[in-house]
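Shown next, in structure tokens, is the structure this report addresses.
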Amino acid sequence: MGNAPTTLRVPVDHALALASAVLRAVGAPARNAATQARWLVEGDRRGYGSHGIQRLPVLVRRVQKGLIVPDAEPRLEWRSDALLAVDGRQGFGPVVVLAALEEVYRRVTSTGVVLAAVSNSNHIGVVAPYLEWLADRSLCGLAFTTSEALVHPYGGRRAMVGTNPVAIGVPARPRPLVVDLATSEVSMGRIIRHQELGIPLEPGWAVDAAGVPTTVPVAALGGAISPFGGAKGFALGLAVEVLVGSLTASALGREVRGTLDADSVCNKGDVFICVDPARVVDLAPTLERVSRYLAEVGAEPTQDGSEHVRLPGERAAASRSESAVAGVEVAARAWEAANVLAAELGARVEVERHAHEDTESPEPRGSLGRPGFQGVK
């Protein structure tokens with residue numbers, strides 16, 4: 001007998017249906033459950049299992065303990081023409097952010113720039129789809145978000161800074177350029193996934209409790225993740241921590257809780273900046289120039305051992321396309337845990353095809369009128 005597989009392929013609509021049914025079973029309205037489920041499955045579809053179905057059990061426990069309010073509607077308050085304060089009321093992170101971006105979208109065509117400061121929310125999942133949604137509507141976007149203290153300072157040994165992702169989205173053809181990266185070598189979710197799969201970490205990813213580099217996932221879980229790029233990644237992560245904390249009045253460093261555990265109120269923050277380039281440039285020629293430049297970069301001659309120059313987001317887009325045909329790749333343990341949850345909760349799983357499956361980014365709730373560039377999808 002061979003070893004049991006560590007991952008398996010699940011049809012996308014099955015994964016969506018299961019996650020949504022489980023969330024509905026703990027009190028989430030159908031719309032909110034579908035949105036949160038979509039973001040979990042997006043993590044797996046793009047190859048980021050750390051942000052995928054693996055997180056479903058923690059979400060359920062957080063709802064059951066009252067740490068997530070599944071039917072919460074965020075409070076949106078304009079503090080100026082271009083500054084939006086968002087109180088998530090402890091709702092699902094994707095639900096809160098999409099409501100904020102819809103509001104931002106309605107305003108940015110008149111103001112040119114809008115900043116949304118999000119607090120009192122929950123983990124927002126993969127960030128790239130939010131910026132893709134903006135870019136598909138001809139808008140540039142930036143996002144900054146914080147996490148628990150999981151990263152050691154450059155030269156330090158204790159976790160003092162969050163993984164603190166930074167994301168940038170710009171309209172382009174055939175798809176937007178979206179850069180979405182953590183300021184750590186990896187996410188904590190990825191280390192957890194390696195532990196789940198029994199795979200050693202790459203050298204340089206993390207240190208143990210004594211500050212000694214380790215490739216053992218369980219040792220890293222008791223230690224800290226390393227900043228990417230040494231001092232530069234540490235500086236960028238620290239700047240994001242302070243920037244987001246200053247704009248959202250959220251917790252800092254070791255005081256941040258609630259994105260990985262099922263015991264604490266989530267007290268981190270998120271900041272989104274949206275810019276309408278049409279207010280400062282002639283949009284059509286700018287799009288053509290940017291798209292041509294990206295094509296030139298992607299076509300550059302490669303170094304030995306490299307098949308081609310891979311633009312940011314290209315690997316995730318390929319993984320997403322493959323999942324539409326072959327199914328989404330999920331850790332076997334995570335899929336089993338999700339099915340056990342569904343059985344325990346008596347969740348009714350109804351599989352049906354979702355119209356958004358083949359779009360480049362998940363659609364938010366509601367329908368907005370401004371089209372993106374023709375051919376951006």
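Letters for chains follow the order of the structure tokens (A, B, ...), residue numbers begin at 1 for each chain, and ligand numbers begin at 1 in the order shown.
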Per DSSP on the backbone, what are the strand (DSSP E) residues of range 106-291 of chain A, as a VMD selection string? chain A and resid 113 to 119 140 to 145 166 to 170 177 to 181 206 to 207 213 to 214 224 to 225 270 to 275
Write out as a ChimeraX atom specification which residues come within 9 Å of range 67-73 of chain A when counting only C-alpha atoms, dropping same-chain ones fewer than 6 positions away. /A:23-24,26-29,32-33,59-61,88-92,95-96,99,121-122,258,262-266
Go ahead and write the residues just picked, C-alpha atoms, as a PDB file, in the first residue's frame.
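Full text of out.pdb as output:
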```
ATOM      1  CA  LEU A  23     -20.625  29.053   6.753  1.00  0.00           C
ATOM      2  CA  ARG A  24     -24.386  29.193   6.272  1.00  0.00           C
ATOM      3  CA  VAL A  26     -23.150  28.681  11.506  1.00  0.00           C
ATOM      4  CA  GLY A  27     -25.431  31.617  10.729  1.00  0.00           C
ATOM      5  CA  ALA A  28     -23.935  33.461   7.780  1.00  0.00           C
ATOM      6  CA  PRO A  29     -26.488  34.884   5.331  1.00  0.00           C
ATOM      7  CA  ASN A  32     -21.955  36.734   3.013  1.00  0.00           C
ATOM      8  CA  ALA A  33     -21.270  32.997   3.104  1.00  0.00           C
ATOM      9  CA  LEU A  59     -13.443  30.785  10.698  1.00  0.00           C
ATOM     10  CA  VAL A  60     -16.183  28.499  12.010  1.00  0.00           C
ATOM     11  CA  ARG A  61     -14.779  28.509  15.535  1.00  0.00           C
ATOM     12  CA  GLY A  88     -16.211  46.325   9.883  1.00  0.00           C
ATOM     13  CA  ARG A  89     -18.331  45.522  12.957  1.00  0.00           C
ATOM     14  CA  GLN A  90     -16.388  42.253  13.206  1.00  0.00           C
ATOM     15  CA  GLY A  91     -17.784  40.958   9.929  1.00  0.00           C
ATOM     16  CA  PHE A  92     -16.071  38.623   7.470  1.00  0.00           C
ATOM     17  CA  VAL A  95     -17.445  41.150   2.931  1.00  0.00           C
ATOM     18  CA  VAL A  96     -16.169  44.284   4.669  1.00  0.00           C
ATOM     19  CA  ALA A  99     -18.435  46.894   0.646  1.00  0.00           C
ATOM     20  CA  SER A 121     -12.808  43.583  10.626  1.00  0.00           C
ATOM     21  CA  ASN A 122     -11.313  40.091  10.134  1.00  0.00           C
ATOM     22  CA  GLY A 258      -7.229  37.427  15.677  1.00  0.00           C
ATOM     23  CA  ALA A 262      -9.954  31.324  17.367  1.00  0.00           C
ATOM     24  CA  ASP A 263      -9.619  33.038  20.735  1.00  0.00           C
ATOM     25  CA  SER A 264      -9.173  36.784  20.211  1.00  0.00           C
ATOM     26  CA  VAL A 265     -11.041  39.674  18.652  1.00  0.00           C
ATOM     27  CA  CYS A 266      -9.300  40.673  15.425  1.00  0.00           C
TER      28      CYS A 266
END
```
Please identify every residue of range 31-144 of chain A that has at least one atom no farther than 7 Å from an atom of range 151-169 of chain A, counting only C-alpha atoms, and for each give the shortest atom pair and the distance in Å to one decimal, arranged by chain then increasing number, as a tab-separated table.
```
residue	atom	partner	partner_atom	distance
A:Val127	CA	A:Ala167	CA	7.0
A:Ala128	CA	A:Ala167	CA	6.9
A:Leu131	CA	A:Gly169	CA	5.2
A:Glu132	CA	A:Gly169	CA	6.5
A:Ala135	CA	A:Gly169	CA	6.2
A:Cys140	CA	A:Gly169	CA	5.5
A:Gly141	CA	A:Gly169	CA	5.0
A:Leu142	CA	A:Ile168	CA	4.6
A:Ala143	CA	A:Ala167	CA	5.0
A:Phe144	CA	A:Val166	CA	4.9
```
Could those selected residues go to a file with C-alpha atoms, as a PDB file, in the first residue's frame?
```
ATOM      1  CA  VAL A 127      -5.394  40.641  -1.585  1.00  0.00           C
ATOM      2  CA  ALA A 128      -4.772  40.421  -5.340  1.00  0.00           C
ATOM      3  CA  LEU A 131      -6.926  45.100  -6.836  1.00  0.00           C
ATOM      4  CA  GLU A 132      -7.807  43.112  -9.957  1.00  0.00           C
ATOM      5  CA  ALA A 135      -7.930  47.476 -12.294  1.00  0.00           C
ATOM      6  CA  CYS A 140      -5.008  51.848  -9.963  1.00  0.00           C
ATOM      7  CA  GLY A 141      -4.908  50.524  -6.419  1.00  0.00           C
ATOM      8  CA  LEU A 142      -2.623  50.004  -3.452  1.00  0.00           C
ATOM      9  CA  ALA A 143      -3.303  47.891  -0.386  1.00  0.00           C
ATOM     10  CA  PHE A 144      -1.551  47.527   2.954  1.00  0.00           C
TER      11      PHE A 144
END
```
Could you state the separation of CA of Phe228 in chain A and CA of Ser184 in chain A in Å, given to one decimal place?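 Distance reported for this atom pair: 4.8 Å.
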Got a sec: who's within 7 Å of range 314-324 of chain A, counting only C-alpha atoms, leaving out chain neighbours fewer than 2 positions off, as a list in words? Val12, Arg45, Arg46, Gly47, Arg310, Leu311, Pro312, Ala326, Gly327 and Val328 of chain A
Skipping near chain neighbours, those fewer than 4 positions away, what residues fall within 10 Å of Pro5 in chain A using only C-alpha atoms, listed as a PyMOL selection string? chain A and resi 197+331-333
Range 205-318 of chain A: which residues are alpha helix (DSSP H) by DSSP, as a VMD selection string? chain A and resid 217 to 221 231 to 248 283 to 298 314 to 318
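For Asn339 in chain A, the residues within 12 Å (counting only C-alpha atoms, excluding itself and residues fewer than 3 positions away along the chain) are His14, Ala15, Ala17, Leu18, Ala19, Ser20, Ala21, Val22, Ile53, Gln54, Leu56, Pro57, Ala332, Arg333, Ala334, Trp335, Glu336, Ala342, Ala343, Glu344, Leu345, Gly346, Ala347, Arg348 and Val349 of chain A.
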Within 10 Å of Gly93 in chain A, counting only C-alpha atoms, which residues show up once you throw out same-chain ones fewer than 6 positions away? Write them as a count of residues only, please. 14
